[in-house]
Amino acid sequence: QKEKIRESRVVGTRHLVTGMTRQETGPKTLISASAVGYYGNRGDEELTEDSAPADDFLADVCRAWEDEANAARSRGVRVVTARTGIVLGAGGGALAKMLTPFRLGAGGPLGNGRQWMPWVHVADLARLYVHAAETISIDGPMNAVAPHPVRNSEFTKALAKQLRRPAFMPAPYLGLRLVFGEFAQVLFASQRVLPKVALDSGFQFQFPLIAAALKEILAGGS
């Protein structure tokens with residue numbers, strides 16, 4: 001499974017860049033996805049694009065992924081690597097997997113709920129990609145996250161309030177480790193990631209706060 005994760009990001013990007021460099025008049029800008037997994041589990045530390053990477057599997061994948069994208073620079077291409085957080089939107093993704101237990105009244109924080117969750121509304125993520133493509137001053141990593149990360153407990157309360165359901169059943173690490181294996185470490189990682197590059201370049205988030213984001217996504221469907 002790890003090999004599939006790595007190849008889908010690293011090898012796929014390598015083939016894309018190779019195809020770009022073979023064109024006589026290729027694109028001048030490449031906006032390449034990356035992920036906040038680059039930073040690893042960092043507690044309460046505020047993380048910007050200048051923060052150092054972690055030393056674990058997902059961080060290694062992200063570094064290799066970004067290296068493949070940055071290879072396009074040899075042909076004069078401007079490269080932006082969008083380190084994306086948890087994307088929230090209707091009809092799928094991370095939020096869809098969370099809704100069932102919450103709607104059944106079995107939702108709750110992960111562990112003590114103090115870990116930071118870097119999230120972004122899918123509409124803002126799309127706008128961030130366009131902003132990066134149009135703003136030539138953005139060059140290099142760009143954190144694609146909302147400006148107000150929340151602790152897992154805050155997210156849990158906001159989601160439960162929107163669904164009008166209780167959320168008091170914490171999910172213990174050992175239980176999730178049995179279900180998800182090593183991936184459980186990702187669910188409990190704390191990443192207080194801030195979108196410094198986006199804000200400094202004038203980007204304005206449509207959904208900067210978690211409550212408003214969840215309300216818009218779940219309106220009419222709770």
# chains A, B, ... in the order shown; residues from 1 in each chain; ligands from 1
>>> residues_around(residues="region 184-199 of chain A", least_positions_apart="6", cutoff="9 Å", atoms="only C-alpha atoms", output="PyMOL selection string")
chain A and resi 36-37+39-49+58+85+110-111+113-119+128+131-132+138+141-152+173-174+176-178+205
>>> write_last_selection(atoms="N, CA and C atoms", output="compact mmCIF listing (two decimals), in the first residue's frame")
# COMPACT_ATOMS: atom_id res chain seq x y z
N VAL A 36 0.14 18.43 3.59
CA VAL A 36 0.66 18.87 4.89
C VAL A 36 1.37 17.72 5.61
N GLY A 37 1.26 16.50 5.08
CA GLY A 37 2.05 15.41 5.62
C GLY A 37 3.54 15.70 5.59
N TYR A 39 4.96 18.03 6.99
CA TYR A 39 5.39 18.57 8.28
C TYR A 39 5.36 17.54 9.41
N GLY A 40 4.64 16.43 9.23
CA GLY A 40 4.58 15.43 10.28
C GLY A 40 3.81 15.89 11.50
N ASN A 41 4.00 15.19 12.60
CA ASN A 41 3.31 15.48 13.86
C ASN A 41 4.12 16.50 14.65
N ARG A 42 3.59 17.74 14.80
CA ARG A 42 4.41 18.84 15.35
C ARG A 42 3.77 19.52 16.57
N GLY A 43 2.77 18.92 17.18
CA GLY A 43 2.19 19.50 18.38
C GLY A 43 1.57 20.87 18.14
N ASP A 44 1.94 21.85 18.98
CA ASP A 44 1.37 23.20 18.89
C ASP A 44 2.22 24.15 18.04
N GLU A 45 3.29 23.67 17.45
CA GLU A 45 4.17 24.52 16.65
C GLU A 45 3.42 25.10 15.45
N GLU A 46 3.55 26.42 15.24
CA GLU A 46 2.95 27.04 14.06
C GLU A 46 3.84 26.75 12.85
N LEU A 47 3.22 26.21 11.81
CA LEU A 47 3.98 25.75 10.64
C LEU A 47 3.67 26.61 9.43
N THR A 48 4.69 27.21 8.85
CA THR A 48 4.55 27.95 7.60
C THR A 48 5.35 27.23 6.52
N GLU A 49 5.35 27.80 5.34
CA GLU A 49 6.05 27.18 4.22
C GLU A 49 7.56 27.06 4.47
N LEU A 58 5.24 9.71 5.24
CA LEU A 58 4.48 10.68 4.46
C LEU A 58 5.33 11.91 4.12
N GLY A 85 -4.24 20.57 3.08
CA GLY A 85 -4.74 19.98 4.31
C GLY A 85 -5.94 19.08 4.05
N LEU A 110 -11.00 12.47 18.42
CA LEU A 110 -9.99 11.42 18.33
C LEU A 110 -9.06 11.58 19.53
N GLY A 111 -9.05 10.59 20.40
CA GLY A 111 -8.23 10.68 21.61
C GLY A 111 -8.68 11.84 22.48
N GLY A 113 -8.43 14.92 21.59
CA GLY A 113 -8.94 15.98 20.72
C GLY A 113 -8.08 17.22 20.66
N ARG A 114 -6.90 17.21 21.22
CA ARG A 114 -6.08 18.42 21.26
C ARG A 114 -5.21 18.59 20.01
N GLN A 115 -5.18 17.61 19.15
CA GLN A 115 -4.35 17.73 17.95
C GLN A 115 -4.96 18.73 16.96
N TRP A 116 -4.10 19.50 16.31
CA TRP A 116 -4.54 20.51 15.35
C TRP A 116 -4.88 19.87 14.02
N MET A 117 -5.96 20.36 13.40
CA MET A 117 -6.40 19.86 12.09
C MET A 117 -6.29 20.98 11.05
N PRO A 118 -5.40 20.86 10.09
CA PRO A 118 -5.33 21.83 9.00
C PRO A 118 -6.36 21.46 7.93
N TRP A 119 -7.36 22.31 7.73
CA TRP A 119 -8.46 21.98 6.83
C TRP A 119 -8.61 23.10 5.79
N LEU A 128 -7.52 28.74 -4.58
CA LEU A 128 -6.09 28.84 -4.28
C LEU A 128 -5.25 28.38 -5.47
N HIS A 131 -5.40 31.16 -7.96
CA HIS A 131 -4.61 32.29 -7.45
C HIS A 131 -3.12 32.03 -7.66
N ALA A 132 -2.67 30.81 -7.36
CA ALA A 132 -1.26 30.49 -7.54
C ALA A 132 -0.86 30.55 -9.01
N ILE A 138 4.23 34.02 -6.45
CA ILE A 138 4.20 32.77 -5.69
C ILE A 138 5.06 31.76 -6.43
N PRO A 141 6.72 26.36 -2.33
CA PRO A 141 5.62 25.78 -1.54
C PRO A 141 4.57 26.81 -1.17
N MET A 142 3.32 26.37 -1.13
CA MET A 142 2.19 27.19 -0.69
C MET A 142 1.26 26.30 0.12
N ASN A 143 1.06 26.64 1.38
CA ASN A 143 0.16 25.86 2.21
C ASN A 143 -1.29 26.11 1.79
N ALA A 144 -1.96 25.07 1.32
CA ALA A 144 -3.35 25.18 0.87
C ALA A 144 -4.26 24.74 2.01
N VAL A 145 -4.39 25.63 2.98
CA VAL A 145 -5.20 25.38 4.17
C VAL A 145 -5.92 26.66 4.55
N ALA A 146 -6.99 26.55 5.33
CA ALA A 146 -7.69 27.72 5.84
C ALA A 146 -6.80 28.45 6.86
N PRO A 147 -7.04 29.75 7.06
CA PRO A 147 -6.17 30.52 7.96
C PRO A 147 -6.40 30.24 9.44
N HIS A 148 -7.46 29.47 9.75
CA HIS A 148 -7.76 29.19 11.16
C HIS A 148 -7.86 27.68 11.38
N PRO A 149 -6.71 27.02 11.57
CA PRO A 149 -6.77 25.59 11.90
C PRO A 149 -7.47 25.42 13.24
N VAL A 150 -8.07 24.26 13.44
CA VAL A 150 -8.80 24.02 14.69
C VAL A 150 -8.29 22.72 15.32
N ARG A 151 -8.46 22.64 16.62
CA ARG A 151 -8.16 21.38 17.28
C ARG A 151 -9.25 20.38 16.92
N ASN A 152 -8.93 19.12 17.01
CA ASN A 152 -9.90 18.08 16.67
C ASN A 152 -11.17 18.20 17.51
N TYR A 173 -6.82 5.75 20.49
CA TYR A 173 -5.78 5.45 19.51
C TYR A 173 -5.64 3.94 19.29
N LEU A 174 -5.64 3.16 20.38
CA LEU A 174 -5.43 1.72 20.23
C LEU A 174 -6.54 1.08 19.40
N LEU A 176 -8.36 2.54 17.01
CA LEU A 176 -8.18 2.90 15.60
C LEU A 176 -6.94 2.23 15.01
N ARG A 177 -5.95 1.97 15.85
CA ARG A 177 -4.75 1.26 15.38
C ARG A 177 -5.13 -0.15 14.92
N LEU A 178 -6.05 -0.78 15.64
CA LEU A 178 -6.50 -2.12 15.25
C LEU A 178 -7.25 -2.09 13.93
N PHE A 205 -9.83 34.29 1.77
CA PHE A 205 -10.59 33.05 1.90
C PHE A 205 -12.08 33.34 1.99
>>> select_by_dssp(residues="region 35-212 of chain A", states="alpha helix (DSSP H)", output="ChimeraX atom specification")
/A:57-70,93-103,122-134,152-163,173-180,184-187,196-200,210-212
>>> residues_around(residues="region 30-32 of chain A", least_positions_apart="2", cutoff="6 Å", atoms="only C-alpha atoms", output="number ranges by chain")
A: 79-81
>>> write_last_selection(atoms="N, CA, C and O atoms", output="PDB file, in the first residue's frame")
ATOM      1  N   VAL A  79       7.190  26.775 -10.531  1.00  0.00           N
ATOM      2  CA  VAL A  79       6.551  25.639  -9.868  1.00  0.00           C
ATOM      3  C   VAL A  79       6.021  26.059  -8.507  1.00  0.00           C
ATOM      4  O   VAL A  79       6.736  26.669  -7.703  1.00  0.00           O
ATOM      5  N   VAL A  80       4.762  25.738  -8.268  1.00  0.00           N
ATOM      6  CA  VAL A  80       4.146  25.945  -6.953  1.00  0.00           C
ATOM      7  C   VAL A  80       3.683  24.587  -6.442  1.00  0.00           C
ATOM      8  O   VAL A  80       2.959  23.871  -7.133  1.00  0.00           O
ATOM      9  N   THR A  81       4.131  24.224  -5.253  1.00  0.00           N
ATOM     10  CA  THR A  81       3.709  22.961  -4.645  1.00  0.00           C
ATOM     11  C   THR A  81       2.714  23.279  -3.531  1.00  0.00           C
ATOM     12  O   THR A  81       3.074  23.873  -2.517  1.00  0.00           O
TER      13      THR A  81
END
>>> atom_distance(atom1="CA of Lys215 (chain A)", atom2="CA of Arg164 (chain A)")
11.6 Å
>>> atom_distance(atom1="CA of His121 (chain A)", atom2="CA of Glu154 (chain A)")
16.2 Å
>>> residues_around(residues="region 69-71 of chain A", least_positions_apart="2", cutoff="12 Å", atoms="only C-alpha atoms", output="PyMOL selection string")
chain A and resi 9-21+29-34+62-67+73-82+139-141
>>> write_last_selection(atoms="N, CA and C atoms", output="compact mmCIF listing (two decimals), in the first residue's frame")
# COMPACT_ATOMS: atom_id res chain seq x y z
N ARG A 9 2.00 9.35 -6.54
CA ARG A 9 2.40 10.76 -6.43
C ARG A 9 3.71 11.04 -7.17
N VAL A 10 4.73 10.26 -6.83
CA VAL A 10 6.08 10.55 -7.32
C VAL A 10 6.23 10.19 -8.80
N VAL A 11 5.90 8.96 -9.16
CA VAL A 11 6.09 8.52 -10.54
C VAL A 11 5.12 9.24 -11.47
N GLY A 12 3.89 9.44 -11.02
CA GLY A 12 2.93 10.17 -11.85
C GLY A 12 3.39 11.59 -12.17
N THR A 13 3.93 12.27 -11.17
CA THR A 13 4.43 13.62 -11.39
C THR A 13 5.65 13.61 -12.30
N ARG A 14 6.50 12.61 -12.13
CA ARG A 14 7.69 12.49 -12.99
C ARG A 14 7.29 12.37 -14.46
N HIS A 15 6.30 11.53 -14.75
CA HIS A 15 5.86 11.37 -16.13
C HIS A 15 5.26 12.66 -16.68
N LEU A 16 4.51 13.37 -15.83
CA LEU A 16 3.91 14.63 -16.27
C LEU A 16 4.99 15.65 -16.63
N VAL A 17 5.98 15.79 -15.76
CA VAL A 17 7.05 16.76 -16.01
C VAL A 17 7.86 16.36 -17.24
N THR A 18 8.11 15.07 -17.41
CA THR A 18 8.83 14.60 -18.60
C THR A 18 8.08 14.98 -19.86
N GLY A 19 6.77 14.79 -19.85
CA GLY A 19 5.96 15.18 -21.00
C GLY A 19 6.00 16.67 -21.26
N MET A 20 5.99 17.47 -20.19
CA MET A 20 6.06 18.92 -20.34
C MET A 20 7.37 19.36 -20.98
N THR A 21 8.47 18.77 -20.52
CA THR A 21 9.78 19.20 -21.00
C THR A 21 10.05 18.79 -22.44
N THR A 29 3.95 27.57 -16.13
CA THR A 29 3.68 27.40 -14.70
C THR A 29 3.15 26.01 -14.44
N LEU A 30 3.60 25.40 -13.35
CA LEU A 30 3.09 24.11 -12.90
C LEU A 30 2.61 24.26 -11.46
N ILE A 31 1.32 24.03 -11.24
CA ILE A 31 0.78 23.98 -9.89
C ILE A 31 0.64 22.51 -9.54
N SER A 32 1.47 22.03 -8.63
CA SER A 32 1.51 20.61 -8.30
C SER A 32 1.00 20.40 -6.88
N ALA A 33 0.12 19.42 -6.73
CA ALA A 33 -0.37 19.08 -5.40
C ALA A 33 0.76 18.54 -4.54
N SER A 34 0.67 18.82 -3.25
CA SER A 34 1.50 18.21 -2.24
C SER A 34 0.60 18.08 -1.02
N CYS A 62 6.15 13.31 0.38
CA CYS A 62 5.92 14.70 -0.03
C CYS A 62 7.19 15.34 -0.56
N ARG A 63 8.32 15.09 0.07
CA ARG A 63 9.58 15.66 -0.41
C ARG A 63 9.90 15.13 -1.80
N ALA A 64 9.77 13.82 -1.99
CA ALA A 64 10.06 13.24 -3.30
C ALA A 64 9.07 13.74 -4.35
N TRP A 65 7.83 13.90 -3.97
CA TRP A 65 6.76 14.40 -4.84
C TRP A 65 7.10 15.82 -5.31
N GLU A 66 7.48 16.67 -4.35
CA GLU A 66 7.83 18.05 -4.70
C GLU A 66 9.10 18.11 -5.53
N ASP A 67 10.05 17.23 -5.24
CA ASP A 67 11.29 17.21 -6.04
C ASP A 67 11.00 16.91 -7.50
N ARG A 73 11.67 23.07 -13.30
CA ARG A 73 12.37 24.36 -13.29
C ARG A 73 13.53 24.38 -14.29
N SER A 74 14.04 23.21 -14.65
CA SER A 74 15.16 23.15 -15.60
C SER A 74 14.76 23.70 -16.96
N ARG A 75 13.45 23.77 -17.23
CA ARG A 75 12.95 24.35 -18.48
C ARG A 75 12.34 25.72 -18.27
N GLY A 76 12.66 26.35 -17.15
CA GLY A 76 12.18 27.70 -16.89
C GLY A 76 10.74 27.77 -16.43
N VAL A 77 10.20 26.66 -15.95
CA VAL A 77 8.81 26.63 -15.49
C VAL A 77 8.74 27.09 -14.03
N ARG A 78 7.80 27.97 -13.74
CA ARG A 78 7.53 28.35 -12.34
C ARG A 78 6.73 27.23 -11.69
N VAL A 79 7.19 26.77 -10.53
CA VAL A 79 6.55 25.64 -9.87
C VAL A 79 6.02 26.06 -8.51
N VAL A 80 4.76 25.74 -8.27
CA VAL A 80 4.15 25.94 -6.95
C VAL A 80 3.68 24.59 -6.44
N THR A 81 4.13 24.22 -5.25
CA THR A 81 3.71 22.96 -4.65
C THR A 81 2.71 23.28 -3.53
N ALA A 82 1.47 22.89 -3.74
CA ALA A 82 0.38 23.24 -2.82
C ALA A 82 0.24 22.17 -1.74
N ASP A 139 6.09 31.31 -5.77
CA ASP A 139 7.05 30.40 -6.40
C ASP A 139 7.61 29.49 -5.31
N GLY A 140 7.29 28.19 -5.40
CA GLY A 140 7.72 27.26 -4.36
C GLY A 140 6.53 26.75 -3.58
N PRO A 141 6.72 26.36 -2.33
CA PRO A 141 5.62 25.78 -1.54
C PRO A 141 4.57 26.81 -1.17
>>> residues_around(residues="Gly107 (chain A)", least_positions_apart="4", cutoff="7 Å", atoms="only C-alpha atoms", output="PyMOL selection string")
chain A and resi 101-102+167-169
>>> write_last_selection(atoms="N, CA, C and O atoms", output="short mmCIF file (atom, residue, chain, number, x, y, z; two decimals), in the first residue's frame")
data_model
loop_
_atom_site.label_atom_id
_atom_site.label_comp_id
_atom_site.auth_asym_id
_atom_site.auth_seq_id
_atom_site.Cartn_x
_atom_site.Cartn_y
_atom_site.Cartn_z
N PRO A 101 -21.02 8.09 11.52
CA PRO A 101 -21.03 7.95 12.98
C PRO A 101 -21.62 9.16 13.70
O PRO A 101 -22.30 9.01 14.71
N PHE A 102 -21.39 10.35 13.16
CA PHE A 102 -21.94 11.55 13.80
C PHE A 102 -23.46 11.56 13.69
O PHE A 102 -24.16 11.90 14.64
N ALA A 167 -21.90 14.47 20.45
CA ALA A 167 -20.58 13.98 20.03
C ALA A 167 -19.71 13.87 21.28
O ALA A 167 -18.92 14.75 21.58
N PHE A 168 -19.87 12.79 21.98
CA PHE A 168 -19.16 12.65 23.26
C PHE A 168 -18.43 11.32 23.38
O PHE A 168 -17.97 10.95 24.45
N MET A 169 -18.32 10.57 22.27
CA MET A 169 -17.67 9.26 22.33
C MET A 169 -16.28 9.34 21.71
O MET A 169 -16.12 9.21 20.49
#
>>> closest_residue(among="A:Gly26, A:Gly202, A:Pro208, A:Gly105", to="Leu163 (chain A)", atoms="only C-alpha atoms")
A:Gly105
>>> atom_distance(atom1="CA of Thr156 (chain A)", atom2="CA of Gly108 (chain A)")
6.1 Å
>>> select_by_dssp(residues="region 34-220 of chain A", states="strand (DSSP E or B)", output="short mmCIF file (atom, residue, chain, number, x, y, z; two decimals) with all heavy atoms, in the first residue's frame")
data_model
loop_
_atom_site.label_atom_id
_atom_site.label_comp_id
_atom_site.auth_asym_id
_atom_site.auth_seq_id
_atom_site.Cartn_x
_atom_site.Cartn_y
_atom_site.Cartn_z
N SER A 34 0.67 18.82 -3.25
CA SER A 34 1.50 18.21 -2.24
C SER A 34 0.60 18.08 -1.02
O SER A 34 -0.62 18.17 -1.16
CB SER A 34 2.75 19.06 -1.95
OG SER A 34 3.60 18.41 -1.02
N ALA A 35 1.15 17.86 0.15
CA ALA A 35 0.28 17.65 1.31
C ALA A 35 0.96 18.13 2.60
O ALA A 35 2.19 18.21 2.68
CB ALA A 35 -0.08 16.18 1.44
N GLU A 46 3.55 26.42 15.24
CA GLU A 46 2.95 27.04 14.06
C GLU A 46 3.84 26.75 12.85
O GLU A 46 5.03 27.03 12.87
CB GLU A 46 2.78 28.54 14.27
CG GLU A 46 1.72 28.89 15.30
CD GLU A 46 1.40 30.37 15.33
OE1 GLU A 46 2.17 31.17 14.73
OE2 GLU A 46 0.38 30.75 15.94
N LEU A 47 3.22 26.21 11.81
CA LEU A 47 3.98 25.75 10.64
C LEU A 47 3.67 26.61 9.43
O LEU A 47 2.51 26.74 9.03
CB LEU A 47 3.64 24.29 10.35
CG LEU A 47 3.90 23.31 11.50
CD1 LEU A 47 3.24 21.97 11.21
CD2 LEU A 47 5.40 23.15 11.72
N ARG A 78 7.80 27.97 -13.74
CA ARG A 78 7.53 28.35 -12.34
C ARG A 78 6.73 27.23 -11.69
O ARG A 78 5.72 26.80 -12.21
CB ARG A 78 6.75 29.67 -12.28
CG ARG A 78 6.37 30.10 -10.85
CD ARG A 78 5.75 31.49 -10.85
NE ARG A 78 4.48 31.54 -11.58
CZ ARG A 78 3.27 31.39 -11.02
NH1 ARG A 78 3.16 31.18 -9.72
NH2 ARG A 78 2.18 31.46 -11.76
N VAL A 79 7.19 26.77 -10.53
CA VAL A 79 6.55 25.64 -9.87
C VAL A 79 6.02 26.06 -8.51
O VAL A 79 6.74 26.67 -7.70
CB VAL A 79 7.53 24.47 -9.69
CG1 VAL A 79 6.87 23.32 -8.95
CG2 VAL A 79 8.06 24.00 -11.05
N VAL A 80 4.76 25.74 -8.27
CA VAL A 80 4.15 25.94 -6.95
C VAL A 80 3.68 24.59 -6.44
O VAL A 80 2.96 23.87 -7.13
CB VAL A 80 2.93 26.90 -7.03
CG1 VAL A 80 2.29 27.08 -5.65
CG2 VAL A 80 3.35 28.25 -7.61
N THR A 81 4.13 24.22 -5.25
CA THR A 81 3.71 22.96 -4.65
C THR A 81 2.71 23.28 -3.53
O THR A 81 3.07 23.87 -2.52
CB THR A 81 4.91 22.18 -4.09
OG1 THR A 81 5.71 23.02 -3.26
CG2 THR A 81 5.77 21.65 -5.23
N ALA A 82 1.47 22.89 -3.74
CA ALA A 82 0.38 23.24 -2.82
C ALA A 82 0.24 22.17 -1.74
O ALA A 82 -0.30 21.09 -1.98
CB ALA A 82 -0.93 23.38 -3.59
N ARG A 83 0.75 22.48 -0.57
CA ARG A 83 0.70 21.53 0.55
C ARG A 83 -0.70 21.59 1.17
O ARG A 83 -1.01 22.47 1.96
CB ARG A 83 1.79 21.87 1.57
CG ARG A 83 3.19 21.66 1.01
CD ARG A 83 4.28 22.16 1.93
NE ARG A 83 5.60 21.96 1.32
CZ ARG A 83 6.71 22.56 1.72
NH1 ARG A 83 6.67 23.40 2.76
NH2 ARG A 83 7.85 22.34 1.11
N THR A 84 -1.50 20.62 0.79
CA THR A 84 -2.94 20.67 1.05
C THR A 84 -3.31 19.96 2.35
O THR A 84 -2.76 18.90 2.67
CB THR A 84 -3.69 20.01 -0.12
OG1 THR A 84 -3.22 20.60 -1.34
CG2 THR A 84 -5.19 20.22 -0.01
N ILE A 86 -6.76 18.87 5.07
CA ILE A 86 -7.96 18.05 4.95
C ILE A 86 -9.00 18.84 4.16
O ILE A 86 -9.45 19.90 4.59
CB ILE A 86 -8.50 17.68 6.33
CG1 ILE A 86 -7.45 16.89 7.12
CG2 ILE A 86 -9.79 16.87 6.22
CD1 ILE A 86 -7.80 16.72 8.59
N VAL A 87 -9.39 18.33 3.00
CA VAL A 87 -10.32 19.04 2.13
C VAL A 87 -11.75 18.68 2.52
O VAL A 87 -12.12 17.50 2.55
CB VAL A 87 -10.06 18.69 0.65
CG1 VAL A 87 -11.01 19.48 -0.25
CG2 VAL A 87 -8.60 18.95 0.28
N LEU A 88 -12.55 19.72 2.79
CA LEU A 88 -13.94 19.52 3.19
C LEU A 88 -14.87 19.98 2.07
O LEU A 88 -14.75 21.10 1.58
CB LEU A 88 -14.24 20.33 4.46
CG LEU A 88 -13.38 20.01 5.69
CD1 LEU A 88 -13.77 20.90 6.84
CD2 LEU A 88 -13.49 18.54 6.07
N LEU A 110 -11.00 12.47 18.42
CA LEU A 110 -9.99 11.42 18.33
C LEU A 110 -9.06 11.58 19.53
O LEU A 110 -8.38 12.59 19.68
CB LEU A 110 -9.20 11.54 17.03
CG LEU A 110 -10.00 11.38 15.74
CD1 LEU A 110 -9.11 11.57 14.53
CD2 LEU A 110 -10.69 10.02 15.69
N TRP A 116 -4.10 19.50 16.31
CA TRP A 116 -4.54 20.51 15.35
C TRP A 116 -4.88 19.87 14.02
O TRP A 116 -4.17 18.97 13.55
CB TRP A 116 -3.45 21.56 15.15
CG TRP A 116 -3.27 22.45 16.35
CD1 TRP A 116 -2.37 22.29 17.36
CD2 TRP A 116 -4.01 23.63 16.66
NE1 TRP A 116 -2.51 23.30 18.29
CE2 TRP A 116 -3.50 24.14 17.88
CE3 TRP A 116 -5.06 24.31 16.03
CZ2 TRP A 116 -4.00 25.30 18.48
CZ3 TRP A 116 -5.55 25.46 16.62
CH2 TRP A 116 -5.03 25.94 17.82
N MET A 117 -5.96 20.36 13.40
CA MET A 117 -6.40 19.86 12.09
C MET A 117 -6.29 20.98 11.05
O MET A 117 -7.02 21.97 11.13
CB MET A 117 -7.85 19.39 12.16
CG MET A 117 -8.09 18.16 12.99
SD MET A 117 -9.86 17.71 13.05
CE MET A 117 -10.22 17.49 11.30
N TRP A 119 -7.36 22.31 7.73
CA TRP A 119 -8.46 21.98 6.83
C TRP A 119 -8.61 23.10 5.79
O TRP A 119 -8.06 24.18 5.93
CB TRP A 119 -9.77 21.85 7.64
CG TRP A 119 -10.16 23.14 8.31
CD1 TRP A 119 -9.70 23.62 9.51
CD2 TRP A 119 -11.02 24.15 7.79
NE1 TRP A 119 -10.23 24.86 9.78
CE2 TRP A 119 -11.05 25.21 8.74
CE3 TRP A 119 -11.78 24.27 6.63
CZ2 TRP A 119 -11.81 26.37 8.55
CZ3 TRP A 119 -12.54 25.42 6.44
CH2 TRP A 119 -12.54 26.45 7.40
N VAL A 120 -9.39 22.81 4.75
CA VAL A 120 -9.70 23.83 3.75
C VAL A 120 -11.00 23.45 3.06
O VAL A 120 -11.25 22.26 2.79
CB VAL A 120 -8.55 23.98 2.73
CG1 VAL A 120 -8.33 22.70 1.93
CG2 VAL A 120 -8.79 25.17 1.80
N HIS A 121 -11.85 24.43 2.82
CA HIS A 121 -13.08 24.20 2.05
C HIS A 121 -12.69 23.97 0.59
O HIS A 121 -11.81 24.63 0.05
CB HIS A 121 -13.98 25.43 2.17
CG HIS A 121 -15.37 25.24 1.64
ND1 HIS A 121 -15.64 25.02 0.31
CD2 HIS A 121 -16.58 25.25 2.26
CE1 HIS A 121 -16.95 24.90 0.13
NE2 HIS A 121 -17.54 25.02 1.30
N GLY A 140 7.29 28.19 -5.40
CA GLY A 140 7.72 27.26 -4.36
C GLY A 140 6.53 26.75 -3.58
O GLY A 140 5.40 26.70 -4.08
N PRO A 141 6.72 26.36 -2.33
CA PRO A 141 5.62 25.78 -1.54
C PRO A 141 4.57 26.81 -1.17
O PRO A 141 4.87 27.99 -0.95
CB PRO A 141 6.32 25.23 -0.30
CG PRO A 141 7.59 26.02 -0.19
CD PRO A 141 8.01 26.32 -1.59
N MET A 142 3.32 26.37 -1.13
CA MET A 142 2.19 27.19 -0.69
C MET A 142 1.26 26.30 0.12
O MET A 142 0.75 25.30 -0.39
CB MET A 142 1.44 27.77 -1.90
CG MET A 142 0.20 28.59 -1.51
SD MET A 142 -0.82 29.06 -2.95
CE MET A 142 -1.59 27.45 -3.35
N ASN A 143 1.06 26.64 1.38
CA ASN A 143 0.16 25.86 2.21
C ASN A 143 -1.29 26.11 1.79
O ASN A 143 -1.78 27.23 1.88
CB ASN A 143 0.34 26.20 3.68
CG ASN A 143 1.67 25.70 4.23
OD1 ASN A 143 2.24 24.74 3.71
ND2 ASN A 143 2.17 26.34 5.27
N ALA A 144 -1.96 25.07 1.32
CA ALA A 144 -3.35 25.18 0.87
C ALA A 144 -4.26 24.74 2.01
O ALA A 144 -4.81 23.63 2.01
CB ALA A 144 -3.56 24.33 -0.38
N VAL A 150 -8.07 24.26 13.44
CA VAL A 150 -8.80 24.02 14.69
C VAL A 150 -8.29 22.72 15.32
O VAL A 150 -7.75 21.85 14.64
CB VAL A 150 -10.32 23.89 14.45
CG1 VAL A 150 -10.91 25.22 14.00
CG2 VAL A 150 -10.64 22.79 13.44
N ARG A 151 -8.46 22.64 16.62
CA ARG A 151 -8.16 21.38 17.28
C ARG A 151 -9.25 20.38 16.92
O ARG A 151 -10.37 20.76 16.59
CB ARG A 151 -8.07 21.57 18.80
CG ARG A 151 -6.91 22.47 19.23
CD ARG A 151 -6.76 22.44 20.75
NE ARG A 151 -5.78 23.40 21.23
CZ ARG A 151 -4.47 23.16 21.33
NH1 ARG A 151 -4.00 21.97 20.96
NH2 ARG A 151 -3.65 24.08 21.79
N ALA A 171 -12.69 8.45 20.28
CA ALA A 171 -12.12 7.27 19.63
C ALA A 171 -10.69 7.08 20.12
O ALA A 171 -9.84 7.92 19.86
CB ALA A 171 -12.15 7.44 18.11
N ARG A 192 -0.40 22.35 12.99
CA ARG A 192 -0.96 23.71 13.06
C ARG A 192 -0.40 24.52 11.87
O ARG A 192 0.44 25.39 12.02
CB ARG A 192 -0.58 24.36 14.39
CG ARG A 192 -1.36 25.61 14.73
CD ARG A 192 -0.95 26.11 16.11
NE ARG A 192 -1.72 27.27 16.52
CZ ARG A 192 -1.57 27.89 17.68
NH1 ARG A 192 -0.65 27.45 18.54
NH2 ARG A 192 -2.31 28.94 17.98
N VAL A 193 -0.91 24.21 10.70
CA VAL A 193 -0.37 24.77 9.46
C VAL A 193 -1.08 26.07 9.10
O VAL A 193 -2.31 26.15 9.15
CB VAL A 193 -0.52 23.75 8.31
CG1 VAL A 193 0.13 24.29 7.04
CG2 VAL A 193 0.10 22.41 8.69
#
>>> closest_residue(among="A:Val130, A:Asp124, A:Leu214, A:Ala160", to="Thr100 (chain A)", atoms="only C-alpha atoms")
A:Ala160
>>> closest_residue(among="A:Ile5, A:Ser137, A:Ala211, A:Arg103", to="Asp60 (chain A)", atoms="only C-alpha atoms")
A:Ile5
